[in-house]
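Accompanying notes for the structure given below.
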Amino acid sequence: MVTSDQRRRQLAREKYERQQRRREEARRKAKRRNAVVAAGLAVVVAAGGAAYLSVGLANGDSGDDTSQRAAPTPTESESSAPEPKMAIDAKGTYTMSLDTSQGAVAFTMDAAKTPRTVNSFKHLADKGFFDGTKCHRLTTEGIFVLQCGDPQGDGTGGPGYTIPDENLTTLGKPAADGKVTYPAGTVAMANTGRPNSGGSQFFLVYKDSGLPPSYTPFGKIDEAGLSVVKAVGAGGVVGGAKDGAPAKTVTVKKAAVSKG
């Protein structure tokens, strides 16, 4: 015969199990929702939006995603790790070199303008974070960018931490439509569409693109590298779409950051 105490314990266990099931289902729904949002915002806003790219360009570590979240939009649902400690010369100039399957792409970074972004990229490159990753997104209409830096390869990944926006006024005052021109050759951070939500995802602008001044511009591609990115852009998107995986697959075989 079941005693009243046993019955109470049984009911308590059942209640606890129901709560756990509800919490797990809520977590799954939130993860799916974040993935959808991030993918939607991810790279732009080509036709009037700007998503972890411009919302364009989200990132992946922060939550909703847009371009890490303007042109590229990362989608990370959580960021729990601390931002890396400052370990660079905050007044120096650095070069990030990408050895890719389509050719070499290098860009200079001015730490005086974007110290925390440059510090993060050197930290990640030194760890081999970008090695073996794919540039997962290309846009060929509205904005013209190639988005890279996602370890997941689908717009949802990042380093597990976020970095603040920097240098957002350098491209001038926004026009009446709220956009500024990100010139060809610019390298900028993707984000989730929220302030200070950059992670590891970034985008390479291969043709002047109008975007909201929400994506940290932190690099300038050299002429040879820009030719490589333009060739990827000319190759189009898989299936003939205007936004999606590039038809010319771009894999970063090795990334390195050096001073000078």
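A note on labels: chains of the structure tokens are A, B, ... as shown, every chain counts residues from 1, and ligands are counted from 1 in their shown order.
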Can you list, as a list in words, every protein, DNA or RNA residue that comes within 12 Å of Gly240 (chain A) when you count only C-alpha atoms, leaving out same-chain residues fewer than 4 positions away?
Leu138, Thr139, Thr140, Glu141, Gly233, Ala234, Gly235, Gly236, Gly244, Ala245, Pro246 and Ala247 of chain A
My list of candidates is A:Asn191, A:Ile143, A:Phe130, A:Val238. Which is closest to Lys179 (chain A) when distances are computed with only C-alpha atoms?
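Using only C-alpha atoms, the shortest distance to Lys179 (chain A) belongs to A:Ile143.
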For CA of Ala184 (chain A) and CA of Val237 (chain A), determine how far apart the two atoms are, in Å to one decimal place.
18.9 Å
From A:Ala231, A:Ala224, A:Val250, A:Ile163, residue lying nearest Pro82 (chain A) [only C-alpha atoms]
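With only C-alpha atoms as the atom set, the closest residue is A:Ile163.
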Counting only C-alpha atoms, what is within 10 Å of Gly92 (chain A), bar same-chain residues fewer than 2 positions away, as an MDAnalysis selection string?
chainID A and resid 88:90 94 109:113 115 118 259:260
